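K.L.:
This is the content of entry-v3.txt (compact mmCIF, C-alpha atoms):
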```
# COMPACT_ATOMS: atom_id res chain seq x y z
CA MET A 1 154.55 36.75 -11.59
CA LEU A 2 156.39 35.48 -8.55
CA SER A 3 158.96 32.85 -9.40
CA THR A 4 159.05 31.34 -5.95
CA VAL A 5 156.63 28.83 -4.50
CA PRO A 6 155.84 28.32 -0.83
CA THR A 7 157.27 25.47 1.15
CA PRO A 8 154.27 23.22 1.75
CA HIS A 9 153.29 22.05 5.19
CA THR A 10 154.34 18.55 6.12
CA ARG A 11 151.45 16.18 5.55
CA ALA A 12 150.87 13.32 7.94
CA THR A 13 149.54 11.18 5.12
CA ARG A 14 150.50 10.64 1.51
CA TRP A 15 148.15 11.69 -1.24
CA ARG A 16 145.78 8.93 -2.28
CA ALA A 17 144.13 9.17 -5.66
CA PRO A 18 140.32 9.42 -5.54
CA LEU A 19 138.37 6.36 -6.67
CA LEU A 20 137.39 7.91 -10.02
CA VAL A 21 141.03 8.71 -10.84
CA ARG A 22 142.11 5.18 -9.96
CA ALA A 23 139.27 3.77 -12.07
CA SER A 24 140.32 6.01 -14.97
CA VAL A 25 143.91 4.76 -14.80
CA ALA A 26 142.65 1.19 -14.69
CA CYS A 27 140.47 1.86 -17.75
CA HIS A 28 143.47 3.11 -19.75
CA VAL A 29 145.67 0.21 -18.67
CA GLY A 30 142.92 -2.29 -19.41
CA ALA A 31 142.24 -0.79 -22.84
CA ALA A 32 145.92 -0.92 -23.74
CA ALA A 33 146.21 -4.51 -22.52
CA ALA A 34 143.13 -5.55 -24.48
CA VAL A 35 144.45 -4.08 -27.74
CA ALA A 36 147.86 -5.65 -27.14
CA ALA A 37 146.22 -9.04 -26.70
CA ASP A 38 143.84 -8.65 -29.65
CA PRO A 39 144.25 -5.65 -31.98
CA ALA A 40 140.74 -6.23 -33.32
CA LEU A 41 139.42 -4.97 -30.00
CA TRP A 42 140.69 -1.43 -30.63
CA PRO A 43 137.21 0.08 -31.36
CA TRP A 44 135.92 -1.19 -28.00
CA ALA A 45 139.05 -0.02 -26.21
CA LEU A 46 138.84 3.39 -27.82
CA GLY A 47 135.16 3.68 -26.90
CA ALA A 48 135.92 2.84 -23.28
CA VAL A 49 138.68 5.46 -23.11
CA VAL A 50 136.48 8.12 -24.73
CA ALA A 51 133.65 7.35 -22.28
CA ASP A 52 136.10 7.57 -19.39
CA HIS A 53 137.39 10.96 -20.54
CA ALA A 54 133.82 12.22 -20.90
CA LEU A 55 132.98 11.14 -17.34
CA VAL A 56 136.11 12.73 -15.85
CA THR A 57 135.53 15.95 -17.80
CA ALA A 58 131.88 16.14 -16.75
CA THR A 59 132.90 15.59 -13.12
CA GLY A 60 135.37 18.47 -13.34
CA LEU A 61 132.60 20.71 -14.68
CA TRP A 62 130.44 19.91 -11.62
CA PRO A 63 131.77 22.34 -8.97
CA ARG A 64 130.24 20.52 -5.99
CA SER A 65 131.48 17.08 -7.00
CA THR A 66 133.65 15.07 -4.62
CA TRP A 67 134.65 12.46 -7.22
CA LEU A 68 137.95 14.19 -8.02
CA GLY A 69 138.91 14.70 -4.38
CA ALA A 70 137.68 16.13 -1.11
CA ASN A 71 135.44 19.18 -1.55
CA LEU A 72 134.01 21.22 1.32
CA ARG A 73 130.41 21.98 0.36
CA ARG A 74 129.00 22.66 3.83
CA LEU A 75 130.46 23.54 7.20
CA PRO A 76 131.22 20.78 9.71
CA ARG A 77 128.40 19.51 11.91
CA ALA A 78 129.81 21.27 14.96
CA ALA A 79 129.65 24.63 13.15
CA ALA A 80 126.10 23.94 11.98
CA ALA A 81 125.14 23.08 15.56
CA ARG A 82 126.44 26.51 16.60
CA ARG A 83 124.18 27.96 13.85
CA GLU A 84 127.14 29.26 11.88
CA VAL A 85 127.16 30.02 8.17
CA SER A 86 129.96 31.30 5.94
CA ILE A 87 129.80 34.06 3.35
CA THR A 88 132.50 33.60 0.73
CA ILE A 89 133.31 36.49 -1.59
CA ASP A 90 135.20 35.79 -4.79
CA ASP A 91 137.30 37.46 -7.49
CA GLY A 92 138.60 40.47 -5.59
CA PRO A 93 140.05 42.50 -4.19
CA ASN A 94 138.28 45.31 -6.00
CA PRO A 95 138.99 48.84 -4.71
CA ALA A 96 135.64 50.04 -6.08
CA VAL A 97 133.62 47.40 -4.20
CA THR A 98 135.58 45.63 -1.46
CA PRO A 99 135.80 48.60 0.99
CA ALA A 100 132.01 48.98 0.90
CA VAL A 101 131.60 45.24 1.46
CA LEU A 102 133.88 45.48 4.50
CA ASP A 103 131.83 48.36 5.90
CA LEU A 104 128.57 46.43 5.50
CA LEU A 105 130.02 43.36 7.20
CA GLU A 106 131.37 45.44 10.07
CA ARG A 107 128.02 47.16 10.52
CA HIS A 108 126.37 43.78 11.06
CA ASP A 109 129.24 42.23 13.07
CA ALA A 110 129.69 39.57 10.38
CA LYS A 111 132.87 37.89 9.18
CA ALA A 112 133.52 36.63 5.66
CA THR A 113 136.05 34.68 3.66
CA PHE A 114 137.53 36.45 0.63
CA PHE A 115 138.80 34.15 -2.12
CA CYS A 116 141.22 36.55 -3.77
CA ILE A 117 142.82 36.38 -7.20
CA ALA A 118 146.49 36.68 -6.29
CA GLN A 119 147.39 38.85 -9.27
CA ARG A 120 144.78 41.39 -8.16
CA ALA A 121 145.93 41.08 -4.58
CA GLN A 122 149.43 42.12 -5.66
CA GLN A 123 147.93 45.19 -7.32
CA HIS A 124 146.04 46.12 -4.12
CA PRO A 125 148.03 44.68 -1.19
CA GLN A 126 146.83 47.26 1.32
CA LEU A 127 143.24 46.33 0.59
CA CYS A 128 144.03 42.67 1.28
CA ARG A 129 145.66 43.64 4.54
CA GLU A 130 142.58 45.68 5.43
CA ILE A 131 140.45 42.57 4.89
CA VAL A 132 142.61 40.73 7.42
CA ARG A 133 142.77 43.68 9.81
CA ARG A 134 138.99 43.69 10.05
CA GLY A 135 138.92 40.05 11.11
CA HIS A 136 138.19 38.36 7.79
CA ARG A 137 140.27 35.80 5.89
CA VAL A 138 142.08 35.94 2.57
CA GLU A 139 142.08 32.59 0.76
CA ASN A 140 143.44 31.24 -2.52
CA HIS A 141 141.48 31.69 -5.76
CA SER A 142 144.43 31.02 -8.10
CA TRP A 143 146.96 33.41 -9.60
CA ARG A 144 145.07 34.74 -12.64
CA HIS A 145 141.58 33.18 -12.45
CA ALA A 146 142.16 31.84 -15.95
CA HIS A 147 139.06 30.54 -17.72
CA THR A 148 141.27 27.69 -18.94
CA PHE A 149 142.25 26.61 -15.42
CA SER A 150 140.43 23.27 -15.72
CA LEU A 151 142.32 22.55 -18.96
CA LEU A 152 145.79 23.00 -17.45
CA GLY A 153 148.18 20.09 -17.14
CA PRO A 154 149.91 19.12 -13.88
CA GLY A 155 152.63 21.78 -14.22
CA GLY A 156 150.28 24.63 -15.10
CA CYS A 157 147.85 23.70 -12.36
CA ALA A 158 150.67 23.62 -9.81
CA ARG A 159 152.09 26.97 -10.95
CA GLU A 160 148.71 28.74 -10.82
CA THR A 161 147.97 27.43 -7.34
CA ALA A 162 151.41 27.56 -5.73
CA THR A 163 152.33 31.00 -7.09
CA ALA A 164 149.05 32.36 -5.71
CA GLN A 165 149.74 30.67 -2.38
CA ALA A 166 153.15 32.33 -2.13
CA ALA A 167 151.84 35.77 -3.07
CA LEU A 168 148.81 35.68 -0.77
CA THR A 169 150.88 34.38 2.15
CA GLU A 170 153.29 37.29 1.77
CA ILE A 171 150.53 39.89 1.39
CA ALA A 172 148.08 38.67 4.04
CA GLY A 173 150.68 37.53 6.54
CA ALA A 174 149.31 33.99 6.85
CA PRO A 175 149.10 31.10 4.40
CA PRO A 176 145.65 30.45 2.95
CA ARG A 177 144.06 27.23 4.15
CA PHE A 178 141.38 27.00 1.47
CA PHE A 179 141.28 27.01 -2.31
CA ARG A 180 138.41 27.67 -4.70
CA ALA A 181 138.95 26.80 -8.34
CA PRO A 182 138.10 29.51 -10.90
CA ALA A 183 134.37 29.14 -11.61
CA GLY A 184 134.57 25.98 -9.51
CA LEU A 185 135.93 24.01 -12.50
CA ARG A 186 138.87 21.65 -12.14
CA ASN A 187 140.50 18.46 -13.38
CA PRO A 188 142.21 15.40 -11.83
CA PHE A 189 145.55 17.22 -11.55
CA LEU A 190 144.32 19.66 -8.86
CA ASP A 191 143.82 17.36 -5.89
CA PRO A 192 147.47 16.27 -5.50
CA VAL A 193 148.56 19.92 -5.81
CA LEU A 194 146.19 20.96 -3.02
CA HIS A 195 147.37 18.07 -0.86
CA ARG A 196 151.00 19.10 -1.33
CA LEU A 197 150.23 22.72 -0.40
CA ASP A 198 148.01 21.73 2.54
CA LEU A 199 144.96 23.40 0.97
CA GLN A 200 141.33 22.33 1.24
CA LEU A 201 139.11 22.68 -1.82
CA VAL A 202 135.92 24.61 -1.10
CA SER A 203 132.82 25.00 -3.25
CA TRP A 204 129.50 26.18 -1.81
CA THR A 205 126.07 25.17 -0.62
CA ARG A 206 124.27 27.90 -2.54
CA ARG A 207 125.26 30.69 -4.90
CA GLY A 208 123.53 33.88 -6.01
CA PHE A 209 124.91 34.07 -9.57
CA ASP A 210 125.58 37.73 -8.89
CA THR A 211 128.06 37.96 -11.76
CA VAL A 212 125.21 37.55 -14.27
CA HIS A 213 121.96 38.47 -12.49
CA THR A 214 121.39 42.20 -12.08
CA ASN A 215 118.28 42.00 -9.89
CA PRO A 216 119.32 41.91 -6.21
CA ALA A 217 115.99 40.33 -5.24
CA ASP A 218 116.69 37.36 -7.51
CA VAL A 219 120.18 36.92 -6.09
CA LEU A 220 118.89 37.19 -2.52
CA GLY A 221 116.18 34.65 -3.24
CA ARG A 222 118.71 32.13 -4.49
CA LEU A 223 120.86 32.61 -1.41
CA THR A 224 118.06 32.41 1.16
CA ARG A 225 115.85 29.67 -0.30
CA ASP A 226 116.01 26.85 2.27
CA LEU A 227 118.81 28.69 4.07
CA ALA A 228 120.14 26.56 6.92
CA PRO A 229 122.94 26.47 9.49
CA GLY A 230 126.15 25.16 7.98
CA ASP A 231 125.58 26.74 4.58
CA ILE A 232 128.44 28.19 2.56
CA LEU A 233 127.20 31.09 0.41
CA LEU A 234 128.91 32.52 -2.66
CA LEU A 235 128.96 36.20 -3.67
CA HIS A 236 131.43 38.36 -5.63
CA ASP A 237 133.21 41.66 -5.05
CA GLY A 238 135.11 41.21 -8.32
CA ASN A 239 133.43 40.67 -11.70
CA ALA A 240 130.10 41.55 -10.08
CA ALA A 241 127.06 42.43 -12.15
CA ARG A 242 125.58 45.90 -11.65
CA SER A 243 122.06 46.50 -10.43
CA SER A 244 119.78 49.22 -11.80
CA SER A 245 121.30 51.54 -9.20
CA GLY A 246 124.68 51.09 -10.91
CA ARG A 247 126.18 49.43 -7.84
CA ALA A 248 127.71 45.99 -7.63
CA VAL A 249 124.88 43.57 -6.83
CA VAL A 250 126.67 42.32 -3.72
CA LEU A 251 126.26 45.76 -2.12
CA ASP A 252 122.49 45.66 -2.58
CA VAL A 253 122.20 42.03 -1.46
CA LEU A 254 124.38 41.99 1.66
CA PRO A 255 122.23 44.19 3.95
CA ALA A 256 119.11 42.08 3.38
CA LEU A 257 121.09 38.84 3.61
CA LEU A 258 122.66 39.82 6.92
CA HIS A 259 119.27 40.92 8.22
CA ARG A 260 117.95 37.47 7.32
CA PHE A 261 120.78 35.89 9.27
CA ALA A 262 119.81 37.94 12.31
CA GLN A 263 116.16 36.89 11.97
CA ASP A 264 117.11 33.22 11.75
CA GLY A 265 119.66 33.35 14.54
CA LEU A 266 122.55 32.60 12.20
CA ARG A 267 126.10 33.82 12.72
CA ALA A 268 128.36 34.63 9.76
CA VAL A 269 131.91 33.37 10.44
CA THR A 270 135.02 32.72 8.37
CA LEU A 271 135.70 29.27 7.03
CA ASP A 272 138.86 29.21 9.12
CA HIS A 273 136.79 29.75 12.27
CA ALA A 274 134.17 27.16 11.36
CA VAL A 275 136.52 24.45 10.12
CA ALA A 276 138.86 23.54 12.95
CA ARG A 277 141.75 21.20 12.25
CA ASP A 278 140.07 18.52 14.34
CA ALA A 279 136.59 19.18 12.95
CA GLY A 280 134.27 16.27 12.34
CA PRO A 281 132.67 15.42 9.02
CA ALA A 282 130.89 18.17 7.13
CA VAL A 283 127.11 18.26 6.98
CA ARG A 284 125.98 16.70 3.70
```
Could the structure of this file be written out as structure tokens, please?

P.N.:
Amino acid sequence: MLSTVPTPHTRATRWRAPLLVRASVACHVGAAAAVAADPALWPWALGAVVADHALVTATGLWPRSTWLGANLRRLPRAAAARREVSITIDDGPNPAVTPAVLDLLERHDAKATFFCIAQRAQQHPQLCREIVRRGHRVENHSWRHAHTFSLLGPGGCARETATAQAALTEIAGAPPRFFRAPAGLRNPFLDPVLHRLDLQLVSWTRRGFDTVHTNPADVLGRLTRDLAPGDILLLHDGNAARSSSGRAVVLDVLPALLHRFAQDGLRAVTLDHAVARDAGPAVR
């Protein structure tokens, strides 16, 4: 693992804790004060703290939640007005799948955003550079994609994110602007880390569940049901389920999905293209 971390961009504003985090801190302080004033209140104080922890945990397990910090779930209004959508492809790079994904995208003149696991990117740096060479973007999907990411403390969360940022910047030649938490799960320690590294958390509008569903028609149906401009779609080139043909599901889904875009007059662009620095509020 890289021992260095990138120098973060200078932020114009200081990090401000989200309302839920501030409420959680107030709950803990209030519970402690109540018990200090009257020890007999400890069962009520304990109950309040347990309820608070349950709420914060549940919020972290809700990938599209904005209660733990800003979370891009749709493209900005300006991008939606231009009838843009974004395909995001997670868990690569995968030398057995990613090159075919790139060929399909090129055939349909579509651009995508690849949320790469930095450890895998270090194993296949040329493939990451090929992603960039073909006009796509490499973004941050953590160092290891640990299933315990949402359980990490402040230090572990910072190491996973910052080490990936350093590695992907070196490999791709440009610092990632966006971060997607492993499986979309996170905790209150992530938002200040992303702020410090000048990263924007991204989830999705709709996902195909192509890591578990083997029927491409089912995955395509999930992605195209109520499809609209401004949508962010989630597929996988890494950890992808295999269809009956033995291919990664994404390879069977992409042609039909891109054909649907053409029918609906939608243009697949990278998140970086759609989300300008001075972009207005995202479509909700």

K.L.:
At a cut-off of 8 Å, can you tabulate as CSV every residue of region 150-264 of chain A near region 115-134 of chain A together with its closest atom pair and the distance in Å to one decimal, using all atoms listed in the file and ordering rows by chain then number?

P.N.:
```
residue,atom,partner,partner_atom,distance
A:Ala164,CA,A:Ala118,CA,5.1
A:Gln165,CA,A:Ala118,CA,7.9
A:Ala167,CA,A:Ala118,CA,6.3
A:Leu168,CA,A:Ala118,CA,6.1
A:Ile171,CA,A:Pro125,CA,6.0
A:Ala172,CA,A:Arg129,CA,5.6
A:Phe179,CA,A:Phe115,CA,7.6
A:Arg180,CA,A:Phe115,CA,7.0
```

K.L.:
Can you tell me, as a compact mmCIF listing (two decimals) with C-alpha atoms, in the coordinates of the input, what residues are no more than 7 Å from region 218-228 of chain A when counting all atoms listed in the file, ignoring any on the same chain fewer than 4 positions away?

P.N.:
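Final file, around-v9.txt:
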```
# COMPACT_ATOMS: atom_id res chain seq x y z
CA ARG A 206 124.27 27.90 -2.54
CA ARG A 207 125.26 30.69 -4.90
CA GLY A 208 123.53 33.88 -6.01
CA PHE A 209 124.91 34.07 -9.57
CA ASP A 210 125.58 37.73 -8.89
CA HIS A 213 121.96 38.47 -12.49
CA LEU A 233 127.20 31.09 0.41
CA VAL A 253 122.20 42.03 -1.46
CA LEU A 257 121.09 38.84 3.61
```

K.L.:
Enumerate, as a VMD selection string, the protein, DNA and RNA residues whose atoms approach (149.2, 21.4, -9.7) to within 7 Å, taking into account only C-alpha atoms and the coordinate frame of the file.

P.N.:
chain A and resid 154 to 159 161 189 to 190 192 to 193

K.L.:
Grab the CA of Ser65 (chain A) to CA of Val212 (chain A) distance for me, in Å with one decimal place.

P.N.:
22.6 Å

K.L.:
Around the point (135.7, 42.6, 7.8) (coordinates from the file), which residues reach within 6 Å if we count all atoms listed in the file? Answer as an MDAnalysis selection string.

P.N.:
chainID A and resid 102 105:106 111 131 134:136

K.L.:
Tell me which of A:Ile232, A:Val250, A:Leu68, A:Val29 sits closest to Asn187 (chain A), counting all atoms listed in the file.

P.N.:
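Once distances to Asn187 (chain A) are computed over all atoms listed in the file, the minimum belongs to A:Leu68.
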
K.L.:
Could you work out how far CA of Pro99 (chain A) lies from CA of Thr270 (chain A), giving the answer in Å with one decimal?

P.N.:
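Value for the CA of Thr270 (chain A)-CA of Pro99 (chain A) distance: 17.5 Å.
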
K.L.:
Could region 109-155 of chain A be written out with N, CA and C atoms, as a PDB file, in the first residue's frame, please?

P.N.:
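Saved file decode.pdb follows:
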```
ATOM      1  N   ASP A 109     -20.456   5.708 -29.033  1.00  0.00           N
ATOM      2  CA  ASP A 109     -20.045   7.088 -28.758  1.00  0.00           C
ATOM      3  C   ASP A 109     -20.536   7.546 -27.382  1.00  0.00           C
ATOM      4  N   ALA A 110     -20.391   6.669 -26.389  1.00  0.00           N
ATOM      5  CA  ALA A 110     -20.836   6.966 -25.031  1.00  0.00           C
ATOM      6  C   ALA A 110     -19.629   7.071 -24.108  1.00  0.00           C
ATOM      7  N   LYS A 111     -19.751   7.922 -23.108  1.00  0.00           N
ATOM      8  CA  LYS A 111     -18.700   8.069 -22.099  1.00  0.00           C
ATOM      9  C   LYS A 111     -19.234   7.581 -20.760  1.00  0.00           C
ATOM     10  N   ALA A 112     -18.332   7.070 -19.925  1.00  0.00           N
ATOM     11  CA  ALA A 112     -18.723   6.525 -18.634  1.00  0.00           C
ATOM     12  C   ALA A 112     -17.726   6.935 -17.564  1.00  0.00           C
ATOM     13  N   THR A 113     -18.141   6.754 -16.334  1.00  0.00           N
ATOM     14  CA  THR A 113     -17.302   7.037 -15.176  1.00  0.00           C
ATOM     15  C   THR A 113     -16.992   5.724 -14.477  1.00  0.00           C
ATOM     16  N   PHE A 114     -15.707   5.413 -14.334  1.00  0.00           N
ATOM     17  CA  PHE A 114     -15.277   4.160 -13.738  1.00  0.00           C
ATOM     18  C   PHE A 114     -14.814   4.415 -12.300  1.00  0.00           C
ATOM     19  N   PHE A 115     -15.571   3.920 -11.336  1.00  0.00           N
ATOM     20  CA  PHE A 115     -15.161   3.993  -9.938  1.00  0.00           C
ATOM     21  C   PHE A 115     -14.269   2.790  -9.660  1.00  0.00           C
ATOM     22  N   CYS A 116     -12.977   3.046  -9.635  1.00  0.00           N
ATOM     23  CA  CYS A 116     -11.987   1.968  -9.567  1.00  0.00           C
ATOM     24  C   CYS A 116     -11.522   1.720  -8.140  1.00  0.00           C
ATOM     25  N   ILE A 117     -11.319   0.451  -7.820  1.00  0.00           N
ATOM     26  CA  ILE A 117     -10.676   0.066  -6.569  1.00  0.00           C
ATOM     27  C   ILE A 117      -9.180   0.284  -6.773  1.00  0.00           C
ATOM     28  N   ALA A 118      -8.583   1.135  -5.959  1.00  0.00           N
ATOM     29  CA  ALA A 118      -7.212   1.574  -6.218  1.00  0.00           C
ATOM     30  C   ALA A 118      -6.220   0.416  -6.187  1.00  0.00           C
ATOM     31  N   GLN A 119      -6.426  -0.548  -5.319  1.00  0.00           N
ATOM     32  CA  GLN A 119      -5.530  -1.693  -5.259  1.00  0.00           C
ATOM     33  C   GLN A 119      -5.534  -2.445  -6.580  1.00  0.00           C
ATOM     34  N   ARG A 120      -6.688  -2.591  -7.194  1.00  0.00           N
ATOM     35  CA  ARG A 120      -6.782  -3.250  -8.499  1.00  0.00           C
ATOM     36  C   ARG A 120      -6.192  -2.362  -9.591  1.00  0.00           C
ATOM     37  N   ALA A 121      -6.377  -1.065  -9.436  1.00  0.00           N
ATOM     38  CA  ALA A 121      -5.803  -0.144 -10.419  1.00  0.00           C
ATOM     39  C   ALA A 121      -4.284  -0.247 -10.431  1.00  0.00           C
ATOM     40  N   GLN A 122      -3.674  -0.424  -9.261  1.00  0.00           N
ATOM     41  CA  GLN A 122      -2.220  -0.591  -9.220  1.00  0.00           C
ATOM     42  C   GLN A 122      -1.776  -1.886  -9.886  1.00  0.00           C
ATOM     43  N   GLN A 123      -2.635  -2.893  -9.879  1.00  0.00           N
ATOM     44  CA  GLN A 123      -2.305  -4.160 -10.528  1.00  0.00           C
ATOM     45  C   GLN A 123      -2.446  -4.047 -12.044  1.00  0.00           C
ATOM     46  N   HIS A 124      -3.276  -3.127 -12.520  1.00  0.00           N
ATOM     47  CA  HIS A 124      -3.541  -2.983 -13.957  1.00  0.00           C
ATOM     48  C   HIS A 124      -3.496  -1.500 -14.355  1.00  0.00           C
ATOM     49  N   PRO A 125      -2.361  -0.837 -14.151  1.00  0.00           N
ATOM     50  CA  PRO A 125      -2.301   0.604 -14.418  1.00  0.00           C
ATOM     51  C   PRO A 125      -2.532   0.958 -15.880  1.00  0.00           C
ATOM     52  N   GLN A 126      -2.042   0.117 -16.799  1.00  0.00           N
ATOM     53  CA  GLN A 126      -2.234   0.437 -18.211  1.00  0.00           C
ATOM     54  C   GLN A 126      -3.706   0.415 -18.601  1.00  0.00           C
ATOM     55  N   LEU A 127      -4.463  -0.462 -17.972  1.00  0.00           N
ATOM     56  CA  LEU A 127      -5.891  -0.521 -18.259  1.00  0.00           C
ATOM     57  C   LEU A 127      -6.588   0.750 -17.764  1.00  0.00           C
ATOM     58  N   CYS A 128      -6.177   1.248 -16.610  1.00  0.00           N
ATOM     59  CA  CYS A 128      -6.727   2.516 -16.120  1.00  0.00           C
ATOM     60  C   CYS A 128      -6.390   3.657 -17.072  1.00  0.00           C
ATOM     61  N   ARG A 129      -5.165   3.644 -17.565  1.00  0.00           N
ATOM     62  CA  ARG A 129      -4.775   4.710 -18.496  1.00  0.00           C
ATOM     63  C   ARG A 129      -5.527   4.595 -19.813  1.00  0.00           C
ATOM     64  N   GLU A 130      -5.877   3.376 -20.197  1.00  0.00           N
ATOM     65  CA  GLU A 130      -6.673   3.184 -21.410  1.00  0.00           C
ATOM     66  C   GLU A 130      -8.089   3.732 -21.213  1.00  0.00           C
ATOM     67  N   ILE A 131      -8.624   3.578 -20.006  1.00  0.00           N
ATOM     68  CA  ILE A 131      -9.932   4.164 -19.704  1.00  0.00           C
ATOM     69  C   ILE A 131      -9.894   5.668 -19.954  1.00  0.00           C
ATOM     70  N   VAL A 132      -8.854   6.317 -19.430  1.00  0.00           N
ATOM     71  CA  VAL A 132      -8.718   7.764 -19.583  1.00  0.00           C
ATOM     72  C   VAL A 132      -8.457   8.131 -21.035  1.00  0.00           C
ATOM     73  N   ARG A 133      -7.609   7.361 -21.711  1.00  0.00           N
ATOM     74  CA  ARG A 133      -7.269   7.660 -23.099  1.00  0.00           C
ATOM     75  C   ARG A 133      -8.505   7.663 -23.991  1.00  0.00           C
ATOM     76  N   ARG A 134      -9.456   6.833 -23.665  1.00  0.00           N
ATOM     77  CA  ARG A 134     -10.670   6.750 -24.480  1.00  0.00           C
ATOM     78  C   ARG A 134     -11.732   7.773 -24.075  1.00  0.00           C
ATOM     79  N   GLY A 135     -11.367   8.690 -23.201  1.00  0.00           N
ATOM     80  CA  GLY A 135     -12.271   9.798 -22.892  1.00  0.00           C
ATOM     81  C   GLY A 135     -13.185   9.579 -21.706  1.00  0.00           C
ATOM     82  N   HIS A 136     -12.916   8.546 -20.915  1.00  0.00           N
ATOM     83  CA  HIS A 136     -13.720   8.280 -19.733  1.00  0.00           C
ATOM     84  C   HIS A 136     -12.985   8.815 -18.506  1.00  0.00           C
ATOM     85  N   ARG A 137     -13.577   8.641 -17.332  1.00  0.00           N
ATOM     86  CA  ARG A 137     -12.970   9.131 -16.098  1.00  0.00           C
ATOM     87  C   ARG A 137     -12.750   7.998 -15.110  1.00  0.00           C
ATOM     88  N   VAL A 138     -11.633   8.081 -14.397  1.00  0.00           N
ATOM     89  CA  VAL A 138     -11.334   7.165 -13.297  1.00  0.00           C
ATOM     90  C   VAL A 138     -11.595   7.912 -11.999  1.00  0.00           C
ATOM     91  N   GLU A 139     -12.465   7.361 -11.159  1.00  0.00           N
ATOM     92  CA  GLU A 139     -12.805   7.992  -9.886  1.00  0.00           C
ATOM     93  C   GLU A 139     -12.519   7.037  -8.723  1.00  0.00           C
ATOM     94  N   ASN A 140     -12.674   7.538  -7.521  1.00  0.00           N
ATOM     95  CA  ASN A 140     -12.213   6.874  -6.299  1.00  0.00           C
ATOM     96  C   ASN A 140     -13.287   5.961  -5.706  1.00  0.00           C
ATOM     97  N   HIS A 141     -12.946   4.670  -5.581  1.00  0.00           N
ATOM     98  CA  HIS A 141     -13.862   3.700  -4.970  1.00  0.00           C
ATOM     99  C   HIS A 141     -13.177   2.993  -3.800  1.00  0.00           C
ATOM    100  N   SER A 142     -12.284   3.721  -3.137  1.00  0.00           N
ATOM    101  CA  SER A 142     -11.526   3.275  -1.964  1.00  0.00           C
ATOM    102  C   SER A 142     -10.311   2.444  -2.376  1.00  0.00           C
ATOM    103  N   TRP A 143      -9.475   2.148  -1.395  1.00  0.00           N
ATOM    104  CA  TRP A 143      -8.246   1.398  -1.660  1.00  0.00           C
ATOM    105  C   TRP A 143      -8.522  -0.081  -1.881  1.00  0.00           C
ATOM    106  N   ARG A 144      -9.269  -0.703  -0.949  1.00  0.00           N
ATOM    107  CA  ARG A 144      -9.453  -2.165  -1.007  1.00  0.00           C
ATOM    108  C   ARG A 144     -10.891  -2.601  -1.272  1.00  0.00           C
ATOM    109  N   HIS A 145     -11.844  -1.666  -1.197  1.00  0.00           N
ATOM    110  CA  HIS A 145     -13.268  -2.027  -1.255  1.00  0.00           C
ATOM    111  C   HIS A 145     -13.607  -3.001  -0.121  1.00  0.00           C
ATOM    112  N   ALA A 146     -13.164  -2.673   1.078  1.00  0.00           N
ATOM    113  CA  ALA A 146     -13.392  -3.530   2.228  1.00  0.00           C
ATOM    114  C   ALA A 146     -14.867  -3.553   2.601  1.00  0.00           C
ATOM    115  N   HIS A 147     -15.386  -4.739   2.895  1.00  0.00           N
ATOM    116  CA  HIS A 147     -16.785  -4.857   3.301  1.00  0.00           C
ATOM    117  C   HIS A 147     -17.017  -4.200   4.662  1.00  0.00           C
ATOM    118  N   THR A 148     -15.927  -3.951   5.390  1.00  0.00           N
ATOM    119  CA  THR A 148     -16.027  -3.310   6.696  1.00  0.00           C
ATOM    120  C   THR A 148     -15.798  -1.802   6.623  1.00  0.00           C
ATOM    121  N   PHE A 149     -15.833  -1.237   5.427  1.00  0.00           N
ATOM    122  CA  PHE A 149     -15.534   0.188   5.264  1.00  0.00           C
ATOM    123  C   PHE A 149     -16.410   1.052   6.174  1.00  0.00           C
ATOM    124  N   SER A 150     -17.690   0.750   6.253  1.00  0.00           N
ATOM    125  CA  SER A 150     -18.607   1.576   7.041  1.00  0.00           C
ATOM    126  C   SER A 150     -18.383   1.421   8.541  1.00  0.00           C
ATOM    127  N   LEU A 151     -17.551   0.460   8.942  1.00  0.00           N
ATOM    128  CA  LEU A 151     -17.264   0.239  10.359  1.00  0.00           C
ATOM    129  C   LEU A 151     -15.946   0.872  10.781  1.00  0.00           C
ATOM    130  N   LEU A 152     -15.216   1.449   9.830  1.00  0.00           N
ATOM    131  CA  LEU A 152     -13.913   2.022  10.133  1.00  0.00           C
ATOM    132  C   LEU A 152     -14.045   3.294  10.968  1.00  0.00           C
ATOM    133  N   GLY A 153     -13.046   3.529  11.812  1.00  0.00           N
ATOM    134  CA  GLY A 153     -12.988   4.767  12.555  1.00  0.00           C
ATOM    135  C   GLY A 153     -12.430   5.887  11.691  1.00  0.00           C
ATOM    136  N   PRO A 154     -12.249   7.078  12.256  1.00  0.00           N
ATOM    137  CA  PRO A 154     -11.765   8.225  11.467  1.00  0.00           C
ATOM    138  C   PRO A 154     -10.441   7.944  10.761  1.00  0.00           C
ATOM    139  N   GLY A 155      -9.482   7.319  11.467  1.00  0.00           N
ATOM    140  CA  GLY A 155      -8.183   7.059  10.861  1.00  0.00           C
ATOM    141  C   GLY A 155      -8.263   6.065   9.725  1.00  0.00           C
TER     142      GLY A 155
END
```
